[in-house]
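Coordinates from entry.cif are shown below (mmCIF, C-alpha atoms and all ligand atoms).
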```
data_final
#
loop_
_atom_site.label_atom_id
_atom_site.label_comp_id
_atom_site.auth_asym_id
_atom_site.auth_seq_id
_atom_site.Cartn_x
_atom_site.Cartn_y
_atom_site.Cartn_z
CA MET A 391 23.30 -32.46 69.77
CA SER A 392 23.58 -33.68 73.35
CA LEU A 393 23.48 -32.18 76.81
CA ARG A 394 27.26 -31.66 76.42
CA ASN A 395 26.19 -28.69 74.28
CA CYS A 396 24.48 -27.11 77.27
CA ARG A 397 25.81 -23.62 78.06
CA ASN A 398 25.06 -21.21 80.85
CA VAL A 399 24.18 -17.83 79.34
CA LYS A 400 23.13 -14.54 80.90
CA VAL A 401 19.73 -12.93 80.52
CA LEU A 402 20.15 -9.61 78.69
CA LYS A 403 16.56 -8.40 78.67
CA VAL A 404 12.99 -9.43 79.49
CA CYS A 405 10.32 -7.14 78.08
CA PRO A 406 6.67 -7.19 77.02
CA VAL A 407 5.98 -7.52 73.29
CA GLY A 408 3.60 -4.55 73.22
CA GLN A 409 1.49 -2.27 75.36
CA HIS A 410 -1.80 -3.90 76.25
CA LYS A 411 -3.79 -5.21 79.20
CA ARG A 412 -2.00 -8.60 79.16
CA ALA A 413 1.47 -7.17 78.65
CA ASP A 414 2.89 -9.22 81.52
CA GLU A 415 1.65 -12.44 79.89
CA PHE A 416 3.40 -12.13 76.51
CA PHE A 417 7.07 -11.25 76.62
CA GLU A 418 10.37 -11.61 74.88
CA ILE A 419 13.45 -12.84 76.66
CA THR A 420 16.82 -12.00 75.15
CA LEU A 421 19.81 -14.15 76.11
CA GLU A 422 23.52 -14.03 75.40
CA TYR A 423 24.44 -15.81 72.16
CA PRO A 424 26.32 -19.04 72.95
CA ASP A 425 29.17 -20.39 70.82
CA TRP A 426 26.81 -21.64 68.10
CA ASP A 427 28.06 -22.08 64.53
CA GLY A 428 24.64 -20.94 63.35
CA TRP A 429 20.95 -21.73 63.56
CA LYS A 430 17.96 -22.06 61.25
CA PRO A 431 14.37 -20.79 61.60
CA GLY A 432 12.14 -23.54 62.97
CA GLN A 433 14.81 -24.82 65.37
CA PHE A 434 14.31 -24.49 69.11
CA VAL A 435 16.19 -24.36 72.39
CA MET A 436 15.63 -25.87 75.83
CA ILE A 437 16.18 -23.48 78.71
CA ARG A 438 16.31 -23.95 82.45
CA PRO A 439 17.13 -21.02 84.71
CA VAL A 440 20.03 -21.91 87.01
CA GLY A 441 18.10 -20.46 89.97
CA TRP A 442 15.43 -23.16 89.70
CA GLU A 443 17.72 -25.62 91.48
CA LEU A 444 15.53 -28.65 92.31
CA ASP A 445 12.30 -26.67 92.56
CA LEU A 446 11.31 -27.15 88.90
CA LEU A 447 13.10 -30.10 87.39
CA TRP A 448 12.42 -29.90 83.68
CA ALA A 449 13.68 -27.41 81.15
CA ARG A 450 11.20 -25.72 78.82
CA PRO A 451 11.33 -25.72 74.99
CA PHE A 452 10.99 -22.51 72.98
CA SER A 453 11.22 -21.75 69.26
CA ILE A 454 14.10 -19.49 68.42
CA SER A 455 12.34 -16.28 67.45
CA SER A 456 15.45 -14.43 66.38
CA ALA A 457 19.24 -14.61 66.84
CA ASP A 458 21.98 -12.45 65.42
CA GLY A 459 25.37 -13.62 66.69
CA ARG A 460 25.15 -11.40 69.78
CA SER A 461 21.87 -12.52 71.28
CA VAL A 462 19.05 -15.06 71.07
CA THR A 463 15.45 -13.90 71.47
CA LEU A 464 12.56 -16.13 72.50
CA PHE A 465 8.89 -15.17 72.45
CA VAL A 466 7.09 -16.57 75.50
CA GLN A 467 3.52 -16.76 76.73
CA LYS A 468 3.10 -17.16 80.46
CA VAL A 469 1.00 -20.30 80.82
CA GLY A 470 2.21 -22.03 83.97
CA ARG A 471 4.68 -22.04 86.84
CA GLY A 472 7.75 -22.49 84.63
CA THR A 473 6.99 -19.67 82.22
CA ALA A 474 5.91 -17.43 85.13
CA ARG A 475 9.32 -17.97 86.72
CA ILE A 476 11.02 -17.27 83.38
CA ALA A 477 9.03 -14.01 83.15
CA SER A 478 10.47 -12.93 86.50
CA LEU A 479 14.12 -13.32 85.39
CA LYS A 480 16.26 -10.19 85.50
CA PRO A 481 19.22 -9.07 83.36
CA GLY A 482 22.34 -10.86 84.61
CA ASP A 483 20.49 -13.99 85.79
CA GLU A 484 21.91 -17.22 84.38
CA VAL A 485 20.04 -19.72 82.27
CA ALA A 486 21.20 -23.16 81.12
CA MET A 487 20.43 -23.38 77.40
CA TRP A 488 20.96 -26.19 74.92
CA GLY A 489 20.41 -25.88 71.20
CA PRO A 490 19.83 -25.10 68.45
CA LEU A 491 17.74 -28.28 68.36
CA GLY A 492 15.68 -30.08 65.75
CA ASN A 493 15.22 -29.45 62.05
CA SER A 494 14.07 -26.29 60.33
CA PHE A 495 11.46 -24.96 57.90
CA ALA A 496 12.02 -25.38 54.16
CA VAL A 497 13.26 -22.28 52.37
CA GLY A 498 12.78 -21.54 48.67
CA PRO A 499 14.34 -18.15 48.00
CA ASP A 500 12.24 -17.59 44.86
CA THR A 501 9.21 -19.65 45.95
CA PRO A 502 6.02 -17.88 47.01
CA THR A 503 5.73 -18.88 50.66
CA LEU A 504 2.73 -18.59 52.94
CA LEU A 505 3.38 -18.39 56.69
CA LEU A 506 0.34 -19.45 58.73
CA ALA A 507 0.54 -18.61 62.42
CA GLY A 508 -1.97 -19.45 65.14
CA GLY A 509 -1.42 -17.17 68.14
CA ILE A 510 1.98 -17.65 69.70
CA GLY A 511 2.86 -19.86 66.71
CA ILE A 512 4.07 -16.63 65.12
CA ALA A 513 7.32 -16.98 67.15
CA PRO A 514 9.53 -18.84 64.63
CA PHE A 515 8.35 -16.70 61.71
CA ARG A 516 10.13 -13.61 62.98
CA GLY A 517 13.47 -15.35 62.38
CA TYR A 518 12.20 -16.88 59.13
CA VAL A 519 11.37 -13.43 57.76
CA GLU A 520 14.63 -11.91 59.01
CA GLN A 521 16.76 -14.64 57.41
CA HIS A 522 14.85 -15.01 54.14
CA PRO A 523 16.84 -13.72 51.15
CA HIS A 524 13.68 -12.47 49.37
CA PRO A 525 11.06 -11.50 51.96
CA GLU A 526 8.97 -10.02 49.15
CA ASN A 527 8.05 -13.66 48.36
CA LEU A 528 6.57 -14.16 51.82
CA ARG A 529 3.04 -13.60 53.06
CA LEU A 530 2.00 -13.92 56.71
CA PHE A 531 -1.45 -14.82 58.03
CA LEU A 532 -2.05 -14.66 61.79
CA ALA A 533 -5.18 -16.03 63.48
CA HIS A 534 -5.39 -14.77 67.04
CA ARG A 535 -7.75 -14.75 70.03
CA LEU A 536 -6.19 -11.95 72.08
CA ASP A 537 -5.22 -8.32 71.49
CA LEU A 538 -3.02 -8.09 68.39
CA ALA A 539 -0.44 -6.20 70.48
CA CYS A 540 0.25 -9.45 72.35
CA TYR A 541 2.08 -10.75 69.27
CA PRO A 542 5.09 -9.42 67.33
CA PHE A 543 2.83 -8.97 64.29
CA GLU A 544 3.56 -5.32 63.54
CA ARG A 545 7.28 -5.99 63.38
CA LEU A 546 6.71 -8.51 60.60
CA SER A 547 3.95 -6.66 58.79
CA GLY A 548 6.46 -3.88 58.08
CA THR A 549 8.60 -6.33 56.09
CA VAL A 550 6.20 -8.80 54.45
CA ALA A 551 2.62 -8.80 53.18
CA ALA A 552 0.61 -9.64 56.27
CA GLU A 553 -2.97 -10.02 57.43
CA CYS A 554 -4.61 -11.11 60.64
CA MET A 555 -8.02 -12.29 61.79
CA LEU A 556 -9.37 -12.14 65.32
CA GLU A 557 -11.32 -15.10 66.71
CA ASP A 558 -13.62 -13.28 69.07
CA LYS A 559 -16.99 -14.97 68.51
CA PRO A 560 -17.79 -18.60 67.60
CA GLU A 561 -18.69 -17.60 64.02
CA ASP A 562 -15.23 -16.04 63.52
CA LEU A 563 -13.66 -19.49 63.51
CA GLN A 564 -15.46 -20.52 60.33
CA GLU A 565 -14.30 -17.33 58.61
CA ILE A 566 -10.72 -18.01 59.65
CA ILE A 567 -10.90 -21.59 58.34
CA SER A 568 -12.38 -20.35 55.05
CA GLN A 569 -9.60 -17.81 54.64
CA MET A 570 -6.91 -20.40 55.45
CA ASP A 571 -8.54 -22.79 52.97
CA ALA A 572 -8.50 -20.15 50.21
CA LEU A 573 -4.89 -19.16 50.91
CA ILE A 574 -3.54 -22.73 50.99
CA ARG A 575 -5.29 -23.53 47.68
CA GLU A 576 -3.87 -20.33 46.15
CA TYR A 577 -0.32 -21.35 47.15
CA ALA A 578 -0.87 -24.91 45.91
CA GLU A 579 -1.87 -23.53 42.50
CA LYS A 580 1.31 -21.48 42.23
CA ASP A 581 3.45 -24.37 43.49
CA GLY A 582 4.37 -22.40 46.58
CA LEU A 583 5.26 -23.46 50.09
CA VAL A 584 2.94 -23.36 53.09
CA LEU A 585 4.53 -23.27 56.55
CA ALA A 586 2.41 -23.40 59.69
CA CYS A 587 2.84 -23.16 63.43
CA GLY A 588 0.05 -23.00 65.99
CA PRO A 589 -2.28 -25.10 68.12
CA THR A 590 -3.07 -28.67 66.98
CA PRO A 591 -6.59 -27.94 65.60
CA PHE A 592 -5.07 -25.11 63.53
CA MET A 593 -2.46 -27.47 62.08
CA ARG A 594 -5.04 -30.17 61.43
CA THR A 595 -6.86 -27.66 59.23
CA VAL A 596 -3.61 -26.97 57.36
CA GLN A 597 -2.96 -30.69 56.97
CA ARG A 598 -6.49 -31.43 55.73
CA VAL A 599 -6.58 -28.62 53.16
CA ALA A 600 -3.02 -29.32 51.99
CA SER A 601 -3.93 -32.95 51.44
CA GLU A 602 -7.07 -32.00 49.47
CA CYS A 603 -5.32 -29.58 47.15
CA GLY A 604 -1.81 -31.07 47.03
CA ALA A 605 -0.07 -28.11 48.65
CA ARG A 606 3.54 -28.54 49.78
CA ALA A 607 3.05 -27.81 53.46
CA GLN A 608 4.97 -28.15 56.68
CA VAL A 609 3.79 -27.90 60.28
CA SER A 610 5.88 -27.23 63.37
CA LEU A 611 4.72 -29.27 66.37
CA GLU A 612 4.71 -27.94 69.91
CA ASN A 613 4.67 -31.23 71.86
CA ARG A 614 5.69 -31.21 75.50
CA MET A 615 9.41 -31.81 75.85
CA ALA A 616 11.72 -32.57 78.75
CA CYS A 617 15.15 -33.31 77.29
CA GLY A 618 15.07 -32.00 73.69
CA VAL A 619 17.67 -34.53 72.56
CA GLY A 620 15.70 -37.73 71.93
CA ALA A 621 16.35 -39.41 75.27
CA CYS A 622 13.19 -39.14 77.40
CA LEU A 623 10.57 -40.10 74.75
CA GLY A 624 8.27 -37.47 76.24
CA CYS A 625 7.57 -35.84 72.88
CA VAL A 626 6.79 -38.86 70.71
CA THR A 627 4.30 -38.65 67.84
CA LYS A 628 3.59 -40.86 64.80
CA ASP A 629 5.00 -40.25 61.36
CA GLY A 630 3.12 -40.86 58.13
CA ASP A 631 3.92 -44.60 58.26
CA GLY A 632 2.58 -44.92 61.80
CA HIS A 633 6.06 -45.21 63.34
CA HIS A 634 6.71 -43.50 66.66
CA VAL A 635 9.22 -40.68 66.28
CA GLN A 636 10.65 -38.10 68.64
CA VAL A 637 9.44 -34.61 67.74
CA CYS A 638 12.58 -33.06 69.23
CA THR A 639 15.01 -34.89 66.94
CA ARG A 640 12.91 -35.82 63.87
CA GLY A 641 10.99 -32.51 63.98
CA PRO A 642 9.72 -30.19 65.21
CA VAL A 643 8.96 -29.46 61.52
CA PHE A 644 7.16 -32.17 59.52
CA TRP A 645 5.72 -32.29 56.01
CA THR A 646 1.97 -32.57 56.44
CA ASP A 647 1.87 -35.89 54.55
CA ASN A 648 4.41 -37.41 56.95
CA VAL A 649 2.89 -36.88 60.39
CA GLU A 650 -0.23 -37.88 62.31
CA LEU A 651 -1.85 -34.95 64.08
FE1 LIG A 701 12.95 -36.00 75.29
FE2 LIG A 701 12.01 -35.52 72.81
S1 LIG A 701 11.94 -34.22 74.54
S2 LIG A 701 12.81 -37.36 73.61
#
```
Please express what this file holds, its structure, as structure tokens.
Amino acid sequence: MSLRNCRNVKVLKVCPVGQHKRADEFFEITLEYPDWDGWKPGQFVMIRPVGWELDLLWARPFSISSADGRSVTLFVQKVGRGTARIASLKPGDEVAMWGPLGNSFAVGPDTPTLLLAGGIGIAPFRGYVEQHPHPENLRLFLAHRLDLACYPFERLSGTVAAECMLEDKPEDLQEIISQMDALIREYAEKDGLVLACGPTPFMRTVQRVASECGARAQVSLENRMACGVGACLGCVTKDGDGHHVQVCTRGPVFWTDNVEL
């Protein structure tokens, strides 16, 4: 993948995920499907609205939440100037998009698979559930700090076994960690897969417990990115041998025993 694979695509829709007080902060943007041969859950795209001109230089990375040959949907939280400008896009606006980038989550059609999402880390699991040949083998756990309606949880809970826990008070965090601990050990015992996406402390918990119980676990990293194609070195992390690697080309998905968090 290189910037030669960059395409200008039109915005089809920008809409809030659900009805709640922070509806303008959590939204989905749906874009025209470029001439991709395909994509896999866990991969991401870089997007840069054409209208940014020289105002905001760098593109922004987003997990592919869903794509179906007609459109690509990204789940976005407004956290800064770039995402605020993306939230204000209108149908028909043009966006430069390159992707699909990076590797993808492991899939075992008949393997019990636990999906652990921390907040907006739920984004890639929508596509994972939609593409999985046996979603009855999947179970989703979401830990969240804001109104559940901020996240596309209900869409997934209609298809797979799903539970969520709200971190509202300091003591909630310990309960969430205990539940994650129990779930990861359960999936290690049945030789299942554990896939996680969320903030770094969340993934450190997954890595620690997976290491203790020998679970086969992957984490998807959300490092800052500027190019998405291995050129700028802005996303570098260390692999399990202590070597520097680009998250955008060697990841974003890593086995927990092969990455430093
Ligand atoms: Fe540029 Fe990874 S984002 S090297």
For the point (-4.1, -33.0, 53.1) in file coordinates, what residues are within 12 Å, counting only C-alpha atoms? Give the answer as a ChimeraX atom specification? /A:571,574-575,578,584,593-609,630,645-651
Restrict the calculation to all atoms listed in the file, then for each residue of chain A with any atom at most 8 Å from an atom of ligand LIG 701 (chain A) give the closest atom pair and their distance in Å to one decimal, rows by chain and rising residue number, as a tab-separated table.
```
residue	atom	partner	partner_atom	distance
A:Arg614	CA	A:LIG701	S1	7.0
A:Met615	CA	A:LIG701	S1	3.7
A:Ala616	CA	A:LIG701	S1	4.5
A:Cys617	CA	A:LIG701	FE1	4.0
A:Gly618	CA	A:LIG701	S1	3.9
A:Val619	CA	A:LIG701	FE1	5.6
A:Gly620	CA	A:LIG701	S2	3.4
A:Ala621	CA	A:LIG701	S2	4.4
A:Cys622	CA	A:LIG701	FE1	3.8
A:Leu623	CA	A:LIG701	S2	3.7
A:Gly624	CA	A:LIG701	FE1	5.0
A:Cys625	CA	A:LIG701	FE2	4.5
A:Val626	CA	A:LIG701	FE2	6.5
A:Gln636	CA	A:LIG701	FE2	5.1
A:Val637	CA	A:LIG701	FE2	5.8
A:Cys638	CA	A:LIG701	FE2	4.4
A:Thr639	CA	A:LIG701	FE2	6.6
```
With 8 Å as the threshold, what does the neighbourhood of (-6.5, -13.3, 66.7) contain in terms of residues, counting all atoms listed in the file? Coordinates are those of the file; answer as a ChimeraX atom specification. /A:508-509,532-538,554-558
All residues 12 Å or closer to Ile510 (chain A), all atoms listed in the file, same chain fewer than 4 positions away omitted, as number ranges by chain: A: 407, 415-418, 452-453, 455, 464-469, 506, 514-516, 532-543, 586-589, 592, 612
Polymer residues at most 9 Å from region 486-494 of chain A, all atoms listed in the file, same-chain spacing of 4 or more positions, as a ChimeraX atom specification: /A:391-400,424,426,428-440,449,454,610,618-619,637-644
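If you measure from each of A:Leu479, A:Val550, A:Leu611, A:Leu505 to Leu573 (chain A) using all atoms listed in the file, the closest one turns out to be A:Leu505.
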Tell me, as an mmCIF file with C-alpha atoms, keeping the file's coordinate frame, which residues lie within 10 Å of Ala551 (chain A), counting all atoms listed in the file; anything in the same chain fewer than 5 positions away does not count.
```
data_model
loop_
_atom_site.group_PDB
_atom_site.id
_atom_site.type_symbol
_atom_site.label_atom_id
_atom_site.label_comp_id
_atom_site.auth_asym_id
_atom_site.auth_seq_id
_atom_site.Cartn_x
_atom_site.Cartn_y
_atom_site.Cartn_z
ATOM 1 C CA LEU A 504 2.730 -18.590 52.940
ATOM 2 C CA PRO A 525 11.060 -11.500 51.960
ATOM 3 C CA GLU A 526 8.970 -10.020 49.150
ATOM 4 C CA ASN A 527 8.050 -13.660 48.360
ATOM 5 C CA LEU A 528 6.570 -14.160 51.820
ATOM 6 C CA ARG A 529 3.040 -13.600 53.060
ATOM 7 C CA LEU A 530 2.000 -13.920 56.710
ATOM 8 C CA PHE A 531 -1.450 -14.820 58.030
ATOM 9 C CA LEU A 546 6.710 -8.510 60.600
#
```
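The interatomic distance for the pair CA of Trp442 (chain A) and CA of Lys411 (chain A) works out to 28.3 Å.
Pairwise distance (CA of Thr463 (chain A), CA of Gly408 (chain A)) equals 15.2 Å.
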Residues at most 6 Å from region 401-404 of chain A, counting all atoms listed in the file, excluding those fewer than 3 positions away in the same chain, as a PyMOL selection string? chain A and resi 418-421+481-483
Pairwise distance, CA of Val462 (chain A) with CA of Gly517 (chain A), equals 10.3 Å
